[in-house]
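Since the structure comes first, as structure tokens, the remarks are kept for the end.
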Amino acid sequence: LSPRDAEIIQLVRTAGAMSKSELARQTGLSRTGVGSRLAVLREMGLLEELGEGPSSGGRPPSLVRFASDGGSVVAVDMGATSVDVAVTNLAAEPLVHLAQDIDVREGPKGVLNTTTDLVDQVLAASPHAAGRLKGIAVGLPGPVEFLTGRPVAPPIMPGWDQYPVRELFEDRYGCRTFVDNDVNLMALGELWAGAAARVQDLLWVKLGTGIGCGIISQGAAFRGISGCAGDIGHIELGGDTTVCRCGNLGCLEAVAGGEALAMRAEGLALSGESRSLARMLDERGSLRAEDLGVAAQEGDVAAVELVRSAGRAVGAVLASLVNFYNPEMIVIGGGVSRLGVRLLASIREAVYRRSLPLATRDLVLTGSALGELAGVTGGGAMVLGELYGLSPAGS
Ligand SMILES: [Zn+2]
């Protein structure tokens, strides 16, 4: 798509509907020039005729609008323990969504087989969209070199280093595929359709098995020179000596990541410090981070303190990021973010206590408005941005 075409689409999409003469006025193109561009964009399924608008005396102008349903995108959001797959329309709205538990440590072959099965299923469930697939987005829970679409030494994904993820999808589905770190998709999704509409500088923090941060700078994803910007899970917490799987001591992820919290919850159950957790461990034989949230909700003192200490650890790291980056908004998402209001409250308290007053003056710190759909929404948004230069409608 040429920059001119992208400009036309963005103008029409933002305005809702536009006439040819208004487009000519705003782009500086001749009416004939606009007409031929519109014909191409209609052919591509990106714009559609809306009929005639109100007349201002002469012949009523014919209007065009952005064709949200003129095509579709497949979005894959892979976490360490589950994968979400959706078909979205050209407004990045998920139309069909499926999720399945996986273990990303089993390696790329099996996990990607499961994933493409899900893609086949969502496409079969929306045959109208399947014939007009424009592109595919894949989010992975580790560092990704965006240019090659390959994961690079992802710490929680053994066997995935340099695996040709993009080629696999392009060969199978015959359309452009973009592979990125999952948090970058989530941040984009929040910008397009969530809590961060019209936000220019955003940090989207995923608290899951791993901890990562999607960075939006001036309205666009900031990936860094190698694609690992925002890998905040291995920032060192002063004074903590927990051993992290990366080999270092006191990493944020080793203290507040999903697996770390599950292990600490089991510790509280076995030592008898938490009755709620001991009961759950008895019932099921192992604990997950979510169980900690349930126990804290029940008012279990030890569980509440563990949730609070995780919040303080996350907050301490975020306070440094706030001083460094001065974002307008921080969104907290991911499975561990659902541990309850105490977690967000502790994070907020630590951030406000430890950041500079000027850096927090206009800061909004909130949960995700999209929840588990943030990643697939952002996948749709990423493909639209990469293929057509589209940015969130409100910005
Ligand atoms: Zn580490």
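Residue names in the structure tokens use chain letters A, B, ... in the order shown, residue numbers from 1 in each chain, and ligand numbers from 1 in the order shown.
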
Residues of chain A that have any atom at most 10 Å from an atom of ligand 1: could you tabulate them with the shortest-distance atom pair and the distance in Å to one decimal, using only C-alpha atoms and all ligand atoms, ordered by chain and increasing number, as CSV?
```
residue,atom,partner,partner_atom_place_in_ligand_line,distance
A:Pro155,CA,ligand 1,1 (Zn),8.9
A:Gly210,CA,ligand 1,1 (Zn),9.7
A:Ile232,CA,ligand 1,1 (Zn),9.3
A:Gly233,CA,ligand 1,1 (Zn),6.5
A:His234,CA,ligand 1,1 (Zn),4.1
A:Ile235,CA,ligand 1,1 (Zn),7.2
A:Glu236,CA,ligand 1,1 (Zn),7.8
A:Thr242,CA,ligand 1,1 (Zn),9.5
A:Val243,CA,ligand 1,1 (Zn),7.7
A:Cys244,CA,ligand 1,1 (Zn),4.5
A:Arg245,CA,ligand 1,1 (Zn),5.8
A:Cys246,CA,ligand 1,1 (Zn),4.3
A:Gly247,CA,ligand 1,1 (Zn),6.3
A:Asn248,CA,ligand 1,1 (Zn),5.4
A:Leu249,CA,ligand 1,1 (Zn),7.0
A:Gly250,CA,ligand 1,1 (Zn),7.3
A:Cys251,CA,ligand 1,1 (Zn),4.6
A:Leu252,CA,ligand 1,1 (Zn),7.2
A:Glu253,CA,ligand 1,1 (Zn),6.4
A:Ala254,CA,ligand 1,1 (Zn),6.5
A:Val255,CA,ligand 1,1 (Zn),9.7
```

Do you know which residues are at most 8 Å from stretch 348-353 of chain A counting only C-alpha atoms, after dropping those on the same chain fewer than 4 positions away, and could you put them as a list of chain:residue names?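 Once the adjacent positions are removed, what remains is A:Gly311, A:Arg312, A:Gly315, A:Ala316, A:Leu318, A:Ala319, A:Val322, A:Leu344, A:Pro357, A:Thr360, A:Leu365.
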
Rounded to one decimal place, report the atom CA of A:Arg166-atom CA of A:Glu145 distance in Å.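 Atom CA of A:Glu145 lies 10.9 Å from atom CA of A:Arg166.
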
Can you list, as a VMD selection string, all residues belonging to stretch 226-283 of chain A that DSSP tags as helix (DSSP H, G or I)? chain A and resid 232 to 234 252 to 256 258 to 270 275 to 283

Near stretch 88-104 of chain A, within 8 Å and counting only C-alpha atoms, which residues show up once chain neighbours fewer than 5 positions away are dropped, as a PyMOL selection string? chain A and resi 67-75+79-83+111+118+122+125-126+129+156-157+192+373+376-381+384

Excluding stretch 173-175 of chain A and residues on its chain fewer than 3 positions from it, collect all residues at most 6 Å away from it, counting only C-alpha atoms, and give them as a ChimeraX atom specification. /A:135,169-170

The selected residues should be written to file as a JSON list (two decimals), in the first residue's frame (atoms: C-alpha atoms).
```json
[["chain", "number", "residue", "atom", "x", "y", "z"],
["A", 135, "GLY", "CA", -2.43, -11.40, 7.37],
["A", 169, "PHE", "CA", 2.58, -19.69, 8.97],
["A", 170, "GLU", "CA", 3.34, -18.04, 5.62]]
```

DSSP on the backbone: which residues in stretch 42-92 of chain A end up as strand (DSSP E or B)? Give the answer as a list of chain:residue names.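 After running DSSP on the backbone, stretch 42-92 of chain A has strand (DSSP E or B) at A:Leu47, A:Glu48, A:Glu49, A:Leu50, A:Gly51, A:Glu52, A:Ser62, A:Leu63, A:Val64, A:Arg65, A:Phe66, A:Ser72, A:Val73, A:Val74, A:Ala75, A:Val76, A:Asp77, A:Met78, A:Ser82, A:Val83, A:Asp84, A:Val85, A:Ala86, A:Val87, A:Thr88.
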
Name the residues in contact with A:Leu358 at a cut-off of 12 Å, using only C-alpha atoms, excluding same-chain residues fewer than 2 positions from it; report them as a ChimeraX atom specification. /A:322-328,352,354-356,360-363

Students should find that atom CA of A:Asp240 and atom CA of A:Gly299 are spaced 26.4 Å
